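Source file: model25.cif (mmCIF, C-alpha atoms and all ligand atoms)
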data_protein
#
loop_
_atom_site.label_atom_id
_atom_site.label_comp_id
_atom_site.auth_asym_id
_atom_site.auth_seq_id
_atom_site.Cartn_x
_atom_site.Cartn_y
_atom_site.Cartn_z
CA MET Z 1 0.00 0.00 0.00
CA ALA Z 2 2.75 2.45 1.04
CA GLN Z 3 4.62 1.53 -2.16
CA ALA Z 4 1.48 2.20 -4.26
CA ILE Z 5 0.95 5.61 -2.63
CA GLU Z 6 4.61 6.50 -3.14
CA LEU Z 7 4.37 5.53 -6.82
CA GLN Z 8 1.21 7.54 -7.28
CA LYS Z 9 3.00 10.54 -5.73
CA GLN Z 10 5.95 10.06 -8.10
CA ARG Z 11 3.59 9.89 -11.10
CA LEU Z 12 1.69 13.00 -10.00
CA GLN Z 13 4.98 14.86 -9.63
CA PHE Z 14 5.85 13.88 -13.21
CA GLU Z 15 2.46 15.04 -14.50
CA MET Z 16 3.11 18.51 -13.11
CA VAL Z 17 6.48 18.70 -14.86
CA LYS Z 18 6.81 20.42 -18.24
CA ASN Z 19 7.06 18.40 -21.43
CA LYS Z 20 10.59 18.19 -22.77
CA ILE Z 21 9.43 16.65 -26.06
CA GLU Z 22 6.05 16.83 -27.77
CA ALA Z 23 5.62 14.79 -30.94
CA LYS Z 24 2.28 15.72 -32.49
CA SER Z 25 0.50 13.69 -35.20
CA ILE Z 26 3.75 12.56 -36.78
CA HIS Z 27 3.65 11.03 -40.25
CA PHE Z 28 6.88 9.89 -41.82
CA SER Z 29 7.68 7.90 -44.99
CA TYR Z 30 10.92 6.82 -46.62
CA GLN Z 31 10.60 7.03 -50.43
CA GLY Z 32 6.83 6.74 -50.29
CA VAL Z 33 6.83 3.84 -47.79
CA GLU Z 34 4.95 4.88 -44.68
CA ILE Z 35 6.94 4.17 -41.49
CA LEU Z 36 5.16 6.26 -38.85
CA LYS Z 37 1.48 7.20 -39.02
CA ASN Z 38 -0.11 9.66 -36.66
CA ILE Z 39 2.31 9.12 -33.77
CA GLU Z 40 1.80 11.12 -30.59
CA LEU Z 41 4.44 11.12 -27.89
CA ASP Z 42 5.13 13.40 -24.92
CA VAL Z 43 8.24 13.08 -22.80
CA LYS Z 44 8.45 14.90 -19.48
CA GLU Z 45 11.53 16.77 -18.29
CA GLU Z 46 13.89 14.39 -16.47
CA GLU Z 47 11.84 11.39 -17.52
CA PHE Z 48 13.59 8.14 -18.48
CA LEU Z 49 11.46 6.89 -21.36
CA VAL Z 50 12.13 3.55 -23.03
CA LEU Z 51 10.84 2.69 -26.52
CA MET Z 52 10.28 -0.96 -27.38
CA GLY Z 53 8.80 -2.75 -30.36
CA PRO Z 54 9.48 -5.20 -33.18
CA SER Z 55 12.39 -4.66 -35.53
CA GLY Z 56 11.60 -2.22 -38.31
CA CYS Z 57 8.57 -0.58 -36.62
CA GLY Z 58 10.22 2.85 -36.62
CA LYS Z 59 11.81 3.39 -33.20
CA SER Z 60 15.12 4.64 -34.62
CA THR Z 61 13.25 6.73 -37.16
CA LEU Z 62 11.37 8.48 -34.35
CA LEU Z 63 14.67 9.17 -32.52
CA ARG Z 64 16.13 10.62 -35.73
CA LEU Z 65 13.06 12.86 -36.08
CA ILE Z 66 13.38 14.06 -32.46
CA ALA Z 67 17.09 14.78 -33.06
CA GLY Z 68 16.12 16.86 -36.13
CA LEU Z 69 18.10 14.55 -38.47
CA GLU Z 70 14.91 13.89 -40.48
CA GLN Z 71 11.77 16.00 -40.83
CA PRO Z 72 8.23 14.61 -40.57
CA GLN Z 73 6.07 14.97 -43.70
CA LYS Z 74 3.17 15.88 -41.42
CA GLY Z 75 2.96 16.89 -37.75
CA ASP Z 76 5.53 18.60 -35.59
CA ILE Z 77 8.12 17.76 -32.96
CA ILE Z 78 8.65 20.35 -30.26
CA VAL Z 79 11.74 20.06 -28.08
CA ASN Z 80 12.18 22.60 -25.27
CA GLY Z 81 9.29 24.57 -26.74
CA VAL Z 82 10.93 24.91 -30.19
CA SER Z 83 9.90 23.02 -33.33
CA SER Z 84 12.66 20.73 -34.59
CA THR Z 85 11.76 21.90 -38.10
CA GLN Z 86 13.02 25.36 -37.12
CA LYS Z 87 16.11 24.36 -35.17
CA ALA Z 88 17.77 21.00 -34.54
CA PRO Z 89 17.58 20.52 -30.78
CA ASP Z 90 20.58 20.46 -28.52
CA CYS Z 91 20.86 16.76 -27.61
CA GLY Z 92 23.41 14.02 -27.08
CA VAL Z 93 22.81 11.05 -29.39
CA VAL Z 94 24.07 7.48 -29.33
CA PHE Z 95 22.95 5.61 -32.42
CA GLN Z 96 23.57 2.00 -33.44
CA ASP Z 97 26.28 2.96 -35.93
CA TYR Z 98 28.42 4.42 -33.10
CA SER Z 99 28.63 7.78 -34.94
CA LEU Z 100 32.33 8.34 -34.08
CA PHE Z 101 34.68 10.15 -36.45
CA PRO Z 102 36.92 7.34 -37.74
CA TRP Z 103 39.93 9.63 -38.39
CA LEU Z 104 40.01 10.78 -34.74
CA SER Z 105 41.19 8.75 -31.73
CA ALA Z 106 38.76 8.02 -28.87
CA LYS Z 107 40.18 10.96 -26.94
CA GLU Z 108 40.04 13.34 -29.92
CA ASN Z 109 36.40 12.36 -30.53
CA ILE Z 110 35.54 13.40 -26.99
CA VAL Z 111 37.65 16.57 -27.14
CA LEU Z 112 35.64 17.62 -30.19
CA ALA Z 113 32.36 17.29 -28.26
CA LEU Z 114 33.87 19.20 -25.33
CA LYS Z 115 35.03 22.00 -27.66
CA GLN Z 116 31.44 22.40 -28.86
CA LYS Z 117 30.23 22.49 -25.28
CA PHE Z 118 32.79 24.92 -23.81
CA LYS Z 119 33.20 27.12 -26.91
CA GLY Z 120 36.75 28.30 -26.17
CA LYS Z 121 36.31 28.60 -22.40
CA LYS Z 122 38.77 25.79 -21.60
CA THR Z 123 42.39 25.30 -22.60
CA LYS Z 124 43.50 22.40 -24.81
CA LYS Z 125 45.08 20.73 -21.77
CA GLU Z 126 41.86 21.04 -19.74
CA LEU Z 127 39.83 19.61 -22.60
CA GLN Z 128 42.19 16.65 -22.94
CA HIS Z 129 42.09 16.00 -19.20
CA LEU Z 130 38.27 16.09 -19.19
CA ALA Z 131 38.12 13.81 -22.24
CA GLY Z 132 40.25 11.27 -20.35
CA GLU Z 133 37.82 11.44 -17.42
CA TYR Z 134 34.80 10.76 -19.63
CA LEU Z 135 36.58 7.80 -21.21
CA GLU Z 136 37.45 6.44 -17.78
CA LEU Z 137 33.80 6.75 -16.80
CA VAL Z 138 32.90 4.27 -19.54
CA GLN Z 139 35.93 2.11 -18.68
CA LEU Z 140 37.99 3.10 -21.71
CA GLY Z 141 40.79 4.78 -19.79
CA LEU Z 142 43.37 2.44 -21.33
CA SER Z 143 42.18 2.94 -24.91
CA ILE Z 144 42.19 6.71 -25.25
CA LYS Z 145 44.65 6.66 -28.17
CA LYS Z 146 42.80 4.02 -30.19
CA TYR Z 147 40.99 4.91 -33.41
CA PRO Z 148 37.46 3.55 -33.99
CA GLY Z 149 38.89 1.09 -36.54
CA GLN Z 150 41.07 -0.41 -33.77
CA MET Z 151 38.21 -0.84 -31.28
CA SER Z 152 35.65 -3.63 -30.81
CA GLY Z 153 31.93 -2.92 -31.27
CA GLY Z 154 31.44 -2.64 -27.51
CA MET Z 155 34.40 -0.26 -27.14
CA LYS Z 156 33.12 1.97 -29.94
CA GLN Z 157 29.70 1.98 -28.32
CA ARG Z 158 31.21 3.06 -24.99
CA ALA Z 159 33.24 5.82 -26.69
CA ALA Z 160 30.03 7.04 -28.37
CA ILE Z 161 28.32 7.12 -24.95
CA ALA Z 162 31.26 9.08 -23.49
CA ARG Z 163 30.99 11.54 -26.36
CA ALA Z 164 27.25 12.03 -25.86
CA LEU Z 165 27.83 12.62 -22.12
CA ALA Z 166 30.68 15.04 -22.81
CA PHE Z 167 28.44 17.05 -25.12
CA GLY Z 168 26.58 17.97 -21.94
CA SER Z 169 23.04 18.42 -23.23
CA ASP Z 170 20.17 17.77 -20.84
CA LEU Z 171 18.52 15.50 -23.44
CA MET Z 172 20.00 12.14 -24.44
CA LEU Z 173 18.63 10.03 -27.31
CA MET Z 174 20.02 6.50 -27.18
CA ASP Z 175 19.31 3.78 -29.74
CA GLU Z 176 20.15 0.33 -28.34
CA PRO Z 177 23.33 1.76 -26.82
CA PHE Z 178 24.16 -1.34 -24.77
CA GLY Z 179 23.34 -3.96 -27.42
CA ALA Z 180 26.97 -4.78 -28.22
CA LEU Z 181 28.24 -4.90 -24.62
CA ASP Z 182 29.20 -7.84 -22.41
CA PRO Z 183 26.78 -8.37 -19.46
CA LEU Z 184 29.04 -6.84 -16.78
CA THR Z 185 29.77 -3.66 -18.74
CA ARG Z 186 26.09 -3.45 -19.59
CA ILE Z 187 25.09 -3.56 -15.91
CA TYR Z 188 27.75 -0.98 -15.02
CA LEU Z 189 26.57 1.40 -17.75
CA GLN Z 190 22.88 0.92 -16.93
CA ASP Z 191 23.61 2.03 -13.36
CA LEU Z 192 25.77 4.91 -14.58
CA LEU Z 193 22.95 6.09 -16.84
CA LEU Z 194 20.41 5.94 -14.02
CA GLU Z 195 22.77 7.99 -11.86
CA ILE Z 196 23.17 10.56 -14.65
CA ASN Z 197 19.40 10.72 -15.17
CA ARG Z 198 18.89 11.32 -11.45
CA ASP Z 199 21.85 13.54 -10.51
CA GLN Z 200 22.28 15.57 -13.69
CA LYS Z 201 18.51 15.75 -14.29
CA LYS Z 202 18.80 14.63 -17.90
CA THR Z 203 15.82 13.52 -19.94
CA ILE Z 204 16.59 10.21 -21.63
CA VAL Z 205 14.82 8.49 -24.52
CA PHE Z 206 16.26 5.02 -24.87
CA VAL Z 207 15.51 2.18 -27.31
CA THR Z 208 16.00 -1.46 -26.32
CA HIS Z 209 14.69 -4.92 -27.23
CA ASP Z 210 15.48 -6.22 -23.74
CA ALA Z 211 12.43 -6.20 -21.43
CA ASP Z 212 14.52 -6.56 -18.22
CA GLU Z 213 16.68 -3.61 -19.22
CA ALA Z 214 13.61 -1.56 -20.12
CA ILE Z 215 11.93 -2.21 -16.76
CA TYR Z 216 15.08 -1.60 -14.74
CA LEU Z 217 15.78 1.75 -16.42
CA ALA Z 218 12.45 3.28 -17.37
CA ASP Z 219 9.96 5.51 -15.63
CA ARG Z 220 7.67 4.68 -18.54
CA ILE Z 221 7.78 2.25 -21.45
CA VAL Z 222 6.20 3.07 -24.79
CA MET Z 223 5.64 0.02 -26.98
CA PHE Z 224 5.25 0.24 -30.75
CA SER Z 225 2.98 -2.19 -32.58
CA VAL Z 226 2.30 -2.38 -36.29
CA GLY Z 227 -1.31 -2.74 -37.43
CA SER Z 228 -3.06 -2.31 -40.78
CA ALA Z 229 -3.85 1.30 -39.87
CA GLY Z 230 -0.15 2.02 -39.23
CA THR Z 231 2.06 2.03 -36.18
CA TYR Z 232 0.36 2.57 -32.84
CA THR Z 233 1.82 2.94 -29.36
CA THR Z 234 0.92 1.74 -25.87
CA SER Z 235 2.35 3.59 -22.89
CA VAL Z 236 2.87 1.87 -19.53
CA ASP Z 237 4.24 3.39 -16.30
CA VAL Z 238 6.83 1.19 -14.61
CA PRO Z 239 5.46 0.46 -11.12
CA PHE Z 240 8.80 0.29 -9.27
CA LYS Z 241 10.01 3.20 -7.20
CA LYS Z 242 13.45 4.65 -7.96
CA PRO Z 243 16.21 4.17 -6.95
CA ARG Z 244 15.72 0.47 -7.69
CA ASN Z 245 17.58 -2.42 -6.21
CA ARG Z 246 18.40 -4.59 -9.22
CA LYS Z 247 18.75 -7.86 -7.35
CA LYS Z 248 15.60 -7.42 -5.25
CA MET Z 249 13.56 -6.13 -8.15
CA LEU Z 250 14.52 -8.96 -10.53
CA ALA Z 251 13.76 -11.56 -7.84
CA SER Z 252 10.34 -10.15 -6.94
CA ARG Z 253 7.01 -11.61 -8.00
CA GLU Z 254 5.81 -8.12 -8.96
CA PHE Z 255 8.66 -7.91 -11.47
CA THR Z 256 7.81 -11.26 -13.06
CA ARG Z 257 4.16 -10.21 -13.35
CA PHE Z 258 4.97 -6.81 -14.81
CA ARG Z 259 7.45 -8.34 -17.27
CA GLU Z 260 4.74 -10.72 -18.46
CA HIS Z 261 2.35 -7.80 -18.82
CA ILE Z 262 4.85 -5.94 -21.03
CA LEU Z 263 5.59 -9.02 -23.14
CA ASN Z 264 1.87 -9.73 -23.52
CA ILE Z 265 1.30 -6.25 -24.93
CA MET Z 266 4.21 -6.74 -27.36
CA ASN Z 267 3.05 -10.21 -28.36
CA GLN Z 268 -0.54 -9.07 -28.82
CA GLY Z 269 0.72 -6.42 -31.24
CA LEU Z 270 2.59 -9.10 -33.21
CA ILE Z 271 -0.38 -11.52 -33.19
CA ASP Z 272 -2.78 -8.78 -34.38
CA ASN Z 273 -0.36 -7.94 -37.16
CA LEU Z 274 0.02 -11.60 -38.24
CA GLU Z 275 -3.75 -12.12 -38.17
CA GLU Z 276 -4.28 -9.04 -40.30
CA GLN Z 277 -1.63 -10.22 -42.79
CA HIS Z 278 -3.25 -13.67 -42.87
CA GLU Z 279 -6.68 -12.19 -43.57
CA VAL Z 280 -5.23 -10.08 -46.37
CA GLY Z 281 -3.46 -13.20 -47.75
CA LEU Z 282 -6.66 -15.25 -47.69
CA ASP Z 283 -8.61 -12.50 -49.43
CA GLY Z 284 -5.89 -12.18 -52.02
CA GLU Z 285 -5.91 -15.90 -52.79
CA GLY Z 286 -9.70 -15.86 -53.15
CA ILE Z 287 -10.21 -18.80 -50.76
N1 LIG A 1 17.39 5.54 -44.84
C1 LIG A 1 16.35 4.74 -45.05
N2 LIG A 1 15.82 4.62 -46.28
C2 LIG A 1 14.74 3.83 -46.53
N3 LIG A 1 14.14 3.09 -45.57
C3 LIG A 1 14.64 3.15 -44.32
C4 LIG A 1 15.78 3.97 -44.00
N4 LIG A 1 16.04 3.82 -42.67
C5 LIG A 1 15.13 2.95 -42.20
N5 LIG A 1 14.30 2.55 -43.18
C6 LIG A 1 13.16 1.63 -43.03
O1 LIG A 1 12.28 2.20 -42.08
C7 LIG A 1 11.69 1.18 -41.27
C8 LIG A 1 11.88 1.53 -39.81
O2 LIG A 1 13.27 1.47 -39.52
P1 LIG A 1 13.81 1.80 -38.06
O3 LIG A 1 15.30 1.65 -38.13
O4 LIG A 1 13.26 3.09 -37.61
O5 LIG A 1 13.17 0.62 -37.22
P2 LIG A 1 13.48 0.15 -35.73
O6 LIG A 1 12.17 -0.04 -35.08
O7 LIG A 1 14.43 1.08 -35.09
O8 LIG A 1 14.18 -1.26 -36.00
P3 LIG A 1 15.30 -2.05 -35.15
O9 LIG A 1 14.67 -2.45 -33.86
O10 LIG A 1 15.60 -3.24 -36.02
O11 LIG A 1 16.48 -1.13 -34.99
C9 LIG A 1 12.32 -0.14 -41.70
O12 LIG A 1 11.44 -0.79 -42.58
C10 LIG A 1 13.57 0.29 -42.44
O13 LIG A 1 13.89 -0.63 -43.45
#

Starting from the coordinates I provided, produce the structure as structure tokens.
Amino acid sequence: MAQAIELQKQRLQFEMVKNKIEAKSIHFSYQGVEILKNIELDVKEEEFLVLMGPSGCGKSTLLRLIAGLEQPQKGDIIVNGVSSTQKAPDCGVVFQDYSLFPWLSAKENIVLALKQKFKGKKTKKELQHLAGEYLELVQLGLSIKKYPGQMSGGMKQRAAIARALAFGSDLMLMDEPFGALDPLTRIYLQDLLLEINRDQKKTIVFVTHDADEAIYLADRIVMFSVGSAGTYTTSVDVPFKKPRNRKKMLASREFTRFREHILNIMNQGLIDNLEEQHEVGLDGEGI
């Protein structure tokens, strides 16, 4: 009961907070192929929002639209009160392709982000020192001189995370950032990200296929499903108070039940989609 009241309080606090992102009636197609249809999404300031859904349903596309890297054909995306069609928002991004500059070492990649952030206010030596600290934070302190071509997928991913953190924006967009990591590094970085979300008050939009990861990190999970009328979303608040104790949470019956609930929503989306495809197939074959 006390836990439920506490959660309700947390949710009410969130509802009073301003929206950091407002995606309104978003339609987006690649070369005439519709990817997102009439998507609505609000993200509160300081919220940790996780996006889940089947491969190809448009999660990365939505992140690219929020980052201002693509423009919706219809609708608008407002970040910090400004339309992303007018100005690309200030945000740190970690995409699946690592997005590091291959001709710069790990350290030089981070220094570049720091230069953008401090705009001449720090000396070269200070920037290099700070870059080293960010790389240590993601456990790359021994690889600062390596070029992306000399790093493993997991190392590149960590360098990309360090760069996004160094950039210093209060909004982070992260597309499966921990997918290529070994389990221990993944756990370490999940906890680091939660700490950053809490202490530095960053808003985080994070894509993952891993339900345990989603539940451990998120304040709210938005699931994408693909139906005949286009992509639709289901939003679910995560009913575990933060800070969370990983071990206790994973071992609890409430966690198992909630995980099932999330997977049921995802599976229902897939089943509906398959049934619709089947009906279309039957009609087409004239049976
Ligand atoms: N540059 C592009 N040109 C044409 N089609 C694209 C392009 N990028 C993505 N797509 C298509 O858009 C759809 C959505 O892709 P997107 O990467 O957003 O999906 P996703 O949900 O992030 O998938 P995953 O979970 O596999 O990363 C897919 O059908 C993909 O093939």

Check your understanding: So what do you get for CA of Ala229 (chain Z) versus CA of Thr208 (chain Z), distance-wise?
Key -> 24.2 Å

**Study point:** Surrounding residues of Leu171 (chain Z) excluding itself and chain neighbours under 3 positions, 6 Å, only C-alpha atoms, as number ranges by chain
**Key:** Z: 91, 202-204

Practice item. Output the neighbourhood of ligand LIG 1 (chain A) as a VMD selection string, that is, all protein and nucleic acid residues with some atom at most 10 Å from the ligand, counting all atoms listed in the file. Key: chain Z and resid 28 to 36 51 to 65 70 95 to 96 175 to 176 207 to 209 224 to 225

Point to revise | Nearest residue to Gly227 (chain Z) from the set Z:Leu270, Z:Leu100, Z:Met174, Z:Ala164 (distances using all atoms listed in the file) | key: Z:Leu270

Closest pair table for region 106-190 of chain Z residues within 12 Å of region 242-259 of chain Z, all atoms listed in the file, as CSV:
residue,atom,partner,partner_atom,distance
Z:Ile187,CA,Z:Arg246,CA,9.5
Z:Tyr188,CA,Z:Arg246,CA,11.6
Z:Gln190,CA,Z:Arg246,CA,10.5

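With only C-alpha atoms as the atoms that count, the residue of Z:Asn19, Z:Asn109, Z:Thr233, Z:Gln116 with the shortest distance to Ile78 (chain Z) is Z:Asn19.
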
Check your understanding: Which value, in Å to one decimal, gives the distance between CA of Phe167 (chain Z) and CA of Tyr134 (chain Z)?
Key -> 10.5 Å

Find the spatial neighbours of Phe48 (chain Z), counting only C-alpha atoms, within a cut-off of 8 Å - ignore same-chain residues fewer than 5 positions away - and output them as a PDB file with C-alpha atoms, in the frame of the given file.
ATOM      1  CA  ASN Z 197      19.400  10.720 -15.170  1.00  0.00           C
ATOM      2  CA  THR Z 203      15.820  13.520 -19.940  1.00  0.00           C
ATOM      3  CA  ILE Z 204      16.590  10.210 -21.630  1.00  0.00           C
ATOM      4  CA  VAL Z 205      14.820   8.490 -24.520  1.00  0.00           C
ATOM      5  CA  PHE Z 206      16.260   5.020 -24.870  1.00  0.00           C
ATOM      6  CA  LEU Z 217      15.780   1.750 -16.420  1.00  0.00           C
ATOM      7  CA  ALA Z 218      12.450   3.280 -17.370  1.00  0.00           C
ATOM      8  CA  ASP Z 219       9.960   5.510 -15.630  1.00  0.00           C
ATOM      9  CA  ARG Z 220       7.670   4.680 -18.540  1.00  0.00           C
TER      10      ARG Z 220
END

Need the shell around Pro102 (chain Z): protein/DNA/RNA residues with any atom at most 10 Å away, counting all atoms listed in the file. Skip same-chain ones fewer than 4 positions apart. Format as a PDB file with C-alpha atoms, keeping the file's coordinate frame?
ATOM      1  CA  ALA Z 106      38.760   8.020 -28.870  1.00  0.00           C
ATOM      2  CA  ASN Z 109      36.400  12.360 -30.530  1.00  0.00           C
ATOM      3  CA  TYR Z 147      40.990   4.910 -33.410  1.00  0.00           C
ATOM      4  CA  PRO Z 148      37.460   3.550 -33.990  1.00  0.00           C
ATOM      5  CA  GLY Z 149      38.890   1.090 -36.540  1.00  0.00           C
ATOM      6  CA  GLN Z 150      41.070  -0.410 -33.770  1.00  0.00           C
TER       7      GLN Z 150
END

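For the pair CA of Leu41 (chain Z) and CA of Lys18 (chain Z), the separation is 13.6 Å.
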
Check your understanding: Between Z:Leu263, Z:Lys125, Z:Phe240, Z:Leu112, which one has atoms that come closest to Ile5 (chain Z), using only C-alpha atoms?
Key -> Z:Phe240

Check your understanding: From the list Z:Ala211, Z:Val17, Z:Met155, Z:Leu142, which residue is nearest Asn264 (chain Z) when using all atoms listed in the file?
Key -> Z:Ala211

**Study point:** From Z:Arg198, Z:Gly153, Z:Lys20, Z:Ala166, residue lying nearest Asp182 (chain Z) [all atoms listed in the file]
**Key:**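 Counting all atoms listed in the file, the residue closest to Asp182 (chain Z) is Z:Gly153.
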
Exercise for review: List the neighbours of Ser105 (chain Z) out to 12 Å using only C-alpha atoms; skip same-chain residues closer than 6 positions along the sequence, and give me the result as a PyMOL selection string.
Suggested key: chain Z and resi 111-112+128+131-132+135+140+143-151+156+159-160+163

Residue subset to file, keeping C-alpha atoms, as a JSON list (two decimals), keeping the file's coordinate frame:
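Final file, result_22.json:
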[["chain", "number", "residue", "atom", "x", "y", "z"],
["Z", 111, "VAL", "CA", 37.65, 16.57, -27.14],
["Z", 112, "LEU", "CA", 35.64, 17.62, -30.19],
["Z", 128, "GLN", "CA", 42.19, 16.65, -22.94],
["Z", 131, "ALA", "CA", 38.12, 13.81, -22.24],
["Z", 132, "GLY", "CA", 40.25, 11.27, -20.35],
["Z", 135, "LEU", "CA", 36.58, 7.80, -21.21],
["Z", 140, "LEU", "CA", 37.99, 3.10, -21.71],
["Z", 143, "SER", "CA", 42.18, 2.94, -24.91],
["Z", 144, "ILE", "CA", 42.19, 6.71, -25.25],
["Z", 145, "LYS", "CA", 44.65, 6.66, -28.17],
["Z", 146, "LYS", "CA", 42.80, 4.02, -30.19],
["Z", 147, "TYR", "CA", 40.99, 4.91, -33.41],
["Z", 148, "PRO", "CA", 37.46, 3.55, -33.99],
["Z", 149, "GLY", "CA", 38.89, 1.09, -36.54],
["Z", 150, "GLN", "CA", 41.07, -0.41, -33.77],
["Z", 151, "MET", "CA", 38.21, -0.84, -31.28],
["Z", 156, "LYS", "CA", 33.12, 1.97, -29.94],
["Z", 159, "ALA", "CA", 33.24, 5.82, -26.69],
["Z", 160, "ALA", "CA", 30.03, 7.04, -28.37],
["Z", 163, "ARG", "CA", 30.99, 11.54, -26.36]]
